[in-house]
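Q: Okay, so here is my_file_15.pdb, and as you'll see once you scroll down, it has PDB, C-alpha atoms.
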ATOM      1  CA  TYR A   1      95.591 109.282 161.747
ATOM      2  CA  GLY A   2      98.327 111.898 161.396
ATOM      3  CA  SER A   3      96.979 115.419 161.920
ATOM      4  CA  SER A   4      98.630 118.828 161.618
ATOM      5  CA  ASP A   5     102.426 118.748 161.949
ATOM      6  CA  GLU A   6     102.424 114.974 162.409
ATOM      7  CA  VAL A   7     104.012 112.209 160.363
ATOM      8  CA  GLY A   8     102.095 108.974 159.773
ATOM      9  CA  ALA A   9     103.134 105.752 158.059
ATOM     10  CA  SER A  10     101.346 102.593 156.964
ATOM     11  CA  ALA A  11     102.059  99.312 155.196
ATOM     12  CA  PHE A  12      99.761  96.825 153.474
ATOM     13  CA  TYR A  13      99.671  93.379 151.935
ATOM     14  CA  THR A  14      96.851  92.089 149.692
ATOM     15  CA  HIS A  15      96.305  88.660 148.155
ATOM     16  CA  VAL A  16      93.624  87.975 145.529
ATOM     17  CA  GLU A  17      92.994  84.367 144.522
ATOM     18  CA  LEU A  18      91.061  83.611 141.321
ATOM     19  CA  ALA A  19      90.357  80.377 139.488
ATOM     20  CA  ASP A  20      93.134  80.904 136.921
ATOM     21  CA  TYR A  21      95.331  83.647 138.378
ATOM     22  CA  ALA A  22      96.521  85.224 141.616
ATOM     23  CA  LEU A  23      97.646  88.707 142.606
ATOM     24  CA  ASN A  24      99.968  89.685 145.443
ATOM     25  CA  ALA A  25     100.417  93.354 146.259
ATOM     26  CA  PHE A  26     102.306  95.090 149.038
ATOM     27  CA  GLY A  27     103.432  98.622 149.747
ATOM     28  CA  VAL A  28     104.133 101.486 152.122
ATOM     29  CA  ALA A  29     102.969 105.094 152.466
ATOM     30  CA  VAL A  30     104.227 108.067 154.479
ATOM     31  CA  ALA A  31     102.119 111.177 155.095
ATOM     32  CA  TYR A  32     102.913 114.564 156.642
ATOM     33  CA  ASP A  33     100.743 117.322 158.103
ATOM     34  CA  ASN A  34      97.503 115.674 156.952
ATOM     35  CA  ARG A  35      98.386 117.237 153.614
ATOM     36  CA  VAL A  36     100.841 115.231 151.497
ATOM     37  CA  GLU A  37     101.456 111.495 151.063
ATOM     38  CA  LEU A  38     104.192 109.558 149.257
ATOM     39  CA  SER A  39     103.786 105.847 148.530
ATOM     40  CA  TYR A  40     105.326 102.805 146.880
ATOM     41  CA  ALA A  41     103.694  99.493 145.938
ATOM     42  CA  ARG A  42     104.685  96.304 144.129
ATOM     43  CA  ASN A  43     102.143  94.219 142.212
ATOM     44  CA  ASP A  44     103.028  90.599 141.454
ATOM     45  CA  PHE A  45     100.509  88.889 139.151
ATOM     46  CA  ASP A  46     100.843  85.092 138.947
ATOM     47  CA  LEU A  47      99.876  83.947 135.430
ATOM     48  CA  GLY A  48      98.590  80.606 136.760
ATOM     49  CA  THR A  49      96.969  78.508 134.025
ATOM     50  CA  LEU A  50      98.163  80.902 131.296
ATOM     51  CA  GLY A  51     101.732  80.385 132.487
ATOM     52  CA  ASP A  52     101.224  76.621 132.154
ATOM     53  CA  ALA A  53      99.793  77.083 128.635
ATOM     54  CA  ILE A  54     102.802  79.082 127.404
ATOM     55  CA  GLY A  55     105.322  76.735 129.023
ATOM     56  CA  LYS A  56     106.290  79.071 131.892
ATOM     57  CA  PRO A  57     104.537  77.638 134.965
ATOM     58  CA  ASP A  58     106.301  79.942 137.423
ATOM     59  CA  LYS A  59     105.876  83.116 135.373
ATOM     60  CA  SER A  60     104.486  86.280 136.929
ATOM     61  CA  LEU A  61     104.124  89.906 135.818
ATOM     62  CA  ARG A  62     105.524  92.468 138.242
ATOM     63  CA  GLN A  63     104.860  96.194 138.459
ATOM     64  CA  ASP A  64     106.207  99.025 140.609
ATOM     65  CA  VAL A  65     103.879 101.909 141.495
ATOM     66  CA  TYR A  66     105.210 105.194 142.908
ATOM     67  CA  GLY A  67     102.587 107.650 144.158
ATOM     68  CA  ALA A  68     102.224 111.204 145.424
ATOM     69  CA  LYS A  69      98.990 112.700 146.759
ATOM     70  CA  LEU A  70      98.091 116.200 147.973
ATOM     71  CA  ARG A  71      95.000 117.210 149.946
ATOM     72  CA  VAL A  72      93.833 120.462 148.368
ATOM     73  CA  ALA A  73      90.531 121.258 150.126
ATOM     74  CA  GLY A  74      87.819 120.070 152.479
ATOM     75  CA  ASP A  75      87.846 117.650 155.387
ATOM     76  CA  LEU A  76      86.908 113.999 155.824
ATOM     77  CA  VAL A  77      84.651 114.646 158.840
ATOM     78  CA  TYR A  78      84.090 118.342 159.435
ATOM     79  CA  GLY A  79      82.180 120.770 157.228
ATOM     80  CA  VAL A  80      80.070 120.197 154.138
ATOM     81  CA  LEU A  81      82.870 119.985 151.568
ATOM     82  CA  PRO A  82      84.392 116.502 151.237
ATOM     83  CA  GLN A  83      88.109 115.979 151.470
ATOM     84  CA  LEU A  84      89.509 116.614 147.972
ATOM     85  CA  ALA A  85      92.889 115.285 146.935
ATOM     86  CA  ILE A  86      94.835 115.231 143.684
ATOM     87  CA  GLY A  87      97.336 112.509 142.960
ATOM     88  CA  VAL A  88      99.754 111.031 140.484
ATOM     89  CA  GLN A  89     101.014 107.462 140.115
ATOM     90  CA  TYR A  90     104.053 106.450 138.065
ATOM     91  CA  LYS A  91     103.772 102.776 137.078
ATOM     92  CA  ARG A  92     106.563 100.664 135.585
ATOM     93  CA  ASN A  93     106.086  97.119 134.291
ATOM     94  CA  LEU A  94     109.099  94.952 135.145
ATOM     95  CA  ASP A  95     108.172  92.013 132.862
ATOM     96  CA  PHE A  96     107.132  93.684 129.633
ATOM     97  CA  ALA A  97     107.828  90.897 127.119
ATOM     98  CA  ILE A  98     104.374  89.297 127.459
ATOM     99  CA  PRO A  99     102.388  92.593 127.508
ATOM    100  CA  ALA A 100     104.332  93.758 124.438
ATOM    101  CA  ALA A 101     103.669  90.463 122.647
ATOM    102  CA  VAL A 102      99.900  90.833 123.118
ATOM    103  CA  GLY A 103      99.804  94.452 121.916
ATOM    104  CA  ALA A 104     100.655  96.783 124.805
ATOM    105  CA  ARG A 105     102.468  99.901 123.598
ATOM    106  CA  HIS A 106     104.265 101.157 126.712
ATOM    107  CA  ARG A 107     106.242  99.642 129.581
ATOM    108  CA  ASP A 108     105.576 102.576 131.907
ATOM    109  CA  ASP A 109     103.105 105.425 132.229
ATOM    110  CA  VAL A 110     101.504 107.918 134.624
ATOM    111  CA  ASP A 111      97.970 107.990 136.072
ATOM    112  CA  PHE A 112      96.414 111.234 137.316
ATOM    113  CA  TYR A 113      93.412 111.354 139.654
ATOM    114  CA  LEU A 114      91.088 113.524 141.720
ATOM    115  CA  ALA A 115      89.530 111.907 144.796
ATOM    116  CA  ALA A 116      86.643 113.091 147.014
ATOM    117  CA  SER A 117      86.114 111.345 150.377
ATOM    118  CA  LYS A 118      83.605 111.875 153.172
ATOM    119  CA  LEU A 119      82.576 110.304 156.498
ATOM    120  CA  TRP A 120      79.098 111.066 157.864
ATOM    121  CA  LEU A 121      78.690 110.487 161.595
ATOM    122  CA  ALA A 122      75.514 108.715 162.799
ATOM    123  CA  ALA A 123      74.051 109.035 159.295
ATOM    124  CA  LEU A 124      72.270 105.669 158.872
ATOM    125  CA  PHE A 125      70.424 104.196 161.879
ATOM    126  CA  ASP A 126      73.001 105.924 164.085
ATOM    127  CA  ARG A 127      75.837 104.288 162.096
ATOM    128  CA  ASN A 128      78.755 106.090 160.467
ATOM    129  CA  VAL A 129      78.770 106.034 156.657
ATOM    130  CA  PHE A 130      81.753 106.651 154.377
ATOM    131  CA  ALA A 131      82.112 107.179 150.636
ATOM    132  CA  ASP A 132      84.833 107.867 148.108
ATOM    133  CA  LEU A 133      84.591 108.933 144.468
ATOM    134  CA  THR A 134      87.656 109.126 142.229
ATOM    135  CA  LEU A 135      88.140 110.330 138.646
ATOM    136  CA  ARG A 136      91.256 108.873 137.026
ATOM    137  CA  GLY A 137      93.050 109.593 133.764
ATOM    138  CA  THR A 138      94.668 106.346 132.630
ATOM    139  CA  ARG A 139      95.480 104.017 129.739
ATOM    140  CA  ALA A 140      96.644 101.152 131.954
ATOM    141  CA  ASN A 141      95.747  97.587 130.980
ATOM    142  CA  GLN A 142      94.551  95.703 134.078
ATOM    143  CA  ALA A 143      95.861  98.612 136.210
ATOM    144  CA  GLY A 144      99.195  98.406 134.352
ATOM    145  CA  ILE A 145      99.917  94.713 134.908
ATOM    146  CA  LEU A 146      99.553  94.231 131.127
ATOM    147  CA  GLY A 147     101.320  97.467 130.218
ATOM    148  CA  PHE A 148      99.757 100.627 128.829
ATOM    149  CA  GLY A 149      97.883 101.412 125.633
ATOM    150  CA  GLY A 150      97.257  98.826 122.950
ATOM    151  CA  ASP A 151      95.868  97.858 119.576
ATOM    152  CA  ARG A 152      92.461  99.319 120.504
ATOM    153  CA  GLY A 153      93.895 102.758 121.211
ATOM    154  CA  ASP A 154      96.574 104.727 123.001
ATOM    155  CA  ASP A 155      94.616 107.669 124.392
ATOM    156  CA  ARG A 156      94.296 108.258 128.130
ATOM    157  CA  GLU A 157      90.672 107.743 129.285
ATOM    158  CA  LEU A 158      88.731 109.255 132.167
ATOM    159  CA  THR A 159      87.526 106.436 134.413
ATOM    160  CA  VAL A 160      85.430 106.347 137.592
ATOM    161  CA  GLU A 161      86.080 104.424 140.789
ATOM    162  CA  GLY A 162      84.450 104.567 144.180
ATOM    163  CA  ALA A 163      83.614 102.964 147.498
ATOM    164  CA  LEU A 164      80.619 103.034 149.823
ATOM    165  CA  GLY A 165      80.432 101.518 153.284
ATOM    166  CA  VAL A 166      78.907 101.638 156.739
ATOM    167  CA  PHE A 167      80.337 100.956 160.198
ATOM    168  CA  LEU A 168      78.205  98.326 161.920
ATOM    169  CA  THR A 169      80.218  98.955 165.099
ATOM    170  CA  ARG A 170      83.295 101.003 165.921
ATOM    171  CA  HIS A 171      85.416  98.023 164.864
ATOM    172  CA  VAL A 172      83.520  96.454 161.941
ATOM    173  CA  ALA A 173      82.558  97.915 158.559
ATOM    174  CA  ILE A 174      80.942  96.493 155.414
ATOM    175  CA  GLY A 175      80.831  97.968 151.932
ATOM    176  CA  VAL A 176      81.429  97.724 148.210
ATOM    177  CA  GLU A 177      84.104  99.024 145.850
ATOM    178  CA  TYR A 178      83.994  99.602 142.087
ATOM    179  CA  ARG A 179      86.682 100.493 139.556
ATOM    180  CA  GLN A 180      86.092 101.212 135.880
ATOM    181  CA  MET A 181      88.754 100.048 133.428
ATOM    182  CA  PRO A 182      89.791 101.271 129.966
ATOM    183  CA  ASP A 183      89.742  98.600 127.241
ATOM    184  CA  LYS A 184      92.861  98.901 125.087
ATOM    185  CA  LEU A 185      93.839  95.282 124.302
ATOM    186  CA  ARG A 186      91.957  92.898 122.014
ATOM    187  CA  PHE A 187      93.895  90.026 123.586
ATOM    188  CA  SER A 188      92.554  90.764 127.067
ATOM    189  CA  PRO A 189      89.186  92.578 127.120
ATOM    190  CA  GLN A 190      88.918  94.384 130.432
ATOM    191  CA  SER A 191      85.890  94.102 132.643
ATOM    192  CA  ASP A 192      85.451  96.550 135.501
ATOM    193  CA  TRP A 193      86.616  95.533 138.983
ATOM    194  CA  LEU A 194      84.081  95.074 141.785
ATOM    195  CA  ASP A 195      84.202  93.718 145.321
ATOM    196  CA  ALA A 196      82.131  93.497 148.496
ATOM    197  CA  PHE A 197      84.101  93.588 151.741
ATOM    198  CA  VAL A 198      84.055  93.220 155.507
ATOM    199  CA  GLY A 199      86.674  95.171 157.446
ATOM    200  CA  VAL A 200      87.701  94.560 161.061
ATOM    201  CA  PHE A 201      89.702  97.185 162.947
ATOM    202  CA  PRO A 202      90.757  95.805 166.363
ATOM    203  CA  ASP A 203      92.778  98.948 167.163
ATOM    204  CA  ARG A 204      94.301 102.026 165.525
ATOM    205  CA  ASN A 205      97.309 100.094 164.241
ATOM    206  CA  VAL A 206      95.848  97.054 162.473
ATOM    207  CA  SER A 207      93.158  96.538 159.823
ATOM    208  CA  LEU A 208      91.968  93.181 158.461
ATOM    209  CA  VAL A 209      89.747  93.023 155.381
ATOM    210  CA  ALA A 210      88.097  90.094 153.607
ATOM    211  CA  ALA A 211      86.398  90.620 150.251
ATOM    212  CA  TYR A 212      84.613  88.817 147.448
ATOM    213  CA  ALA A 213      86.137  90.132 144.209
TER
END
Represent the structure of the file as structure tokens.
A:
Amino acid sequence: YGSSDEVGASAFYTHVELADYALNAFGVAVAYDNRVELSYARNDFDLGTLGDAIGKPDKSLRQDVYGAKLRVAGDLVYGVLPQLAIGVQYKRNLDFAIPAAVGARHRDDVDFYLAASKLWLAALFDRNVFADLTLRGTRANQAGILGFGGDRGDDRELTVEGALGVFLTRHVAIGVEYRQMPDKLRFSPQSDWLDAFVGVFPDRNVSLVAAYA
């Protein structure tokens, strides 16, 4: 919500529960002047049944993600041109022994991306519609949780990710998200990530989201 000459800050926590694994992620971001944003996040991936199989039932893979993003053109709401931002993320795997053992080549790496975002007011049955499309240069295995590069290749790939949603009311939105993944490890073939979500926004300070992933 920070506009010109304002500073805004946010924090998040996400938990994803799967049949064999679990992911906990949390982080913070600070933005200035509706122009530049700096962020930090920690990913903690619980190996679950794989940890039991290798004799390490409490084992998890942790990753730090440092980000910087710059709005270069356009606006989210006003005008025809969408809001365009370029960004960079430095990712460092803190538990590299397992990724290295299964073929990952690098403990840390950098992602680059270009994101286009737009909100259309009263666009669908008088409901607001939003969309995001991002092009990312990456060689991260499972977003970096399993390191970077591998026995299937070490080149950075251009991947696509995006979101599409609609506000049912001022405080409730539904939508879908998609993220394409490179496939660098024979040990862990990567499928693309997909979810459908419901978001509830009781006020300007709190957001609650439930998703099927």
Q: List the residues matched by the PyMOL selection byres ((chain A and resi 10) around 6) in the displayed structure as a ChimeraX atom specification, ordered by chain and then by residue number.
A: /A:9,11,28-29
Q: For stretch 44-60 of chain A, work out the shell of residues within 6 Å, counting only C-alpha atoms and skipping chain neighbours fewer than 2 positions away, then give it as a ChimeraX atom specification.
A: /A:20-24,62
Q: Written as an MDAnalysis selection string, which residues does the PyMOL selection byres ((chain A and resi 110-124) around 6) give for the file shown?
A: chainID A and resid 76:77 82:90 109 125:138
Q: If I take atom CA of A:Gln180 and atom CA of A:Ala140, how far is one from the other in Å, to one decimal?
A: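 Between these atoms lies a distance of 11.3 Å.
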Q: On this structure, the PyMOL selection byres ((chain A and resi 42) around 8) would catch which residues? List them as a list in words, sorted by chain and number.
A: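 Taken over the shown coordinates, the PyMOL selection byres ((chain A and resi 42) around 8) returns Ala25, Phe26, Gly27, Tyr40, Ala41, Asn43, Asp44, Arg62, Gln63, Asp64 and Val65 of chain A.
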Q: When you draw a straight line from atom CA of A:Pro189 to atom CA of A:Asp154, how long is it in Å?
A: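 The value is 14.8 Å.
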Q: Between atom CA of A:Tyr66 and atom CA of A:Ala196, measure the distance and give it in Å to one decimal.
A: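 Spanning atom CA of A:Tyr66 to atom CA of A:Ala196 is a straight-line distance of 26.5 Å.
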Q: Pick the closest to A:Leu168 from A:Gly153, A:Thr14, A:Phe201, A:Ala143: which is it, counting only C-alpha atoms?
A: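 Nearest to A:Leu168: A:Phe201.
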Q: Counting only C-alpha atoms, which of A:Tyr78, A:Phe148, A:Tyr178, A:Trp193 gets nearest to A:Asp108?
A: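 Once distances to A:Asp108 are computed over only C-alpha atoms, the minimum belongs to A:Phe148.
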Q: So, counting only C-alpha atoms, which residue among A:Ala210, A:Ala68, A:Leu185, A:Val176 is closest to A:Arg105?
A: A:Leu185
Q: Between A:Arg186, A:Leu61, A:Ile174, A:Val166, which one has atoms that come closest to A:Asp151, using only C-alpha atoms?
A: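 Using only C-alpha atoms, the shortest distance to A:Asp151 belongs to A:Arg186.
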Q: Pick the closest to A:Leu208 from A:Gly149, A:Ala173, A:Leu38, A:Leu70: which is it, counting all atoms listed in the file?
A: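 Selected residue with least distance to A:Leu208: A:Ala173.
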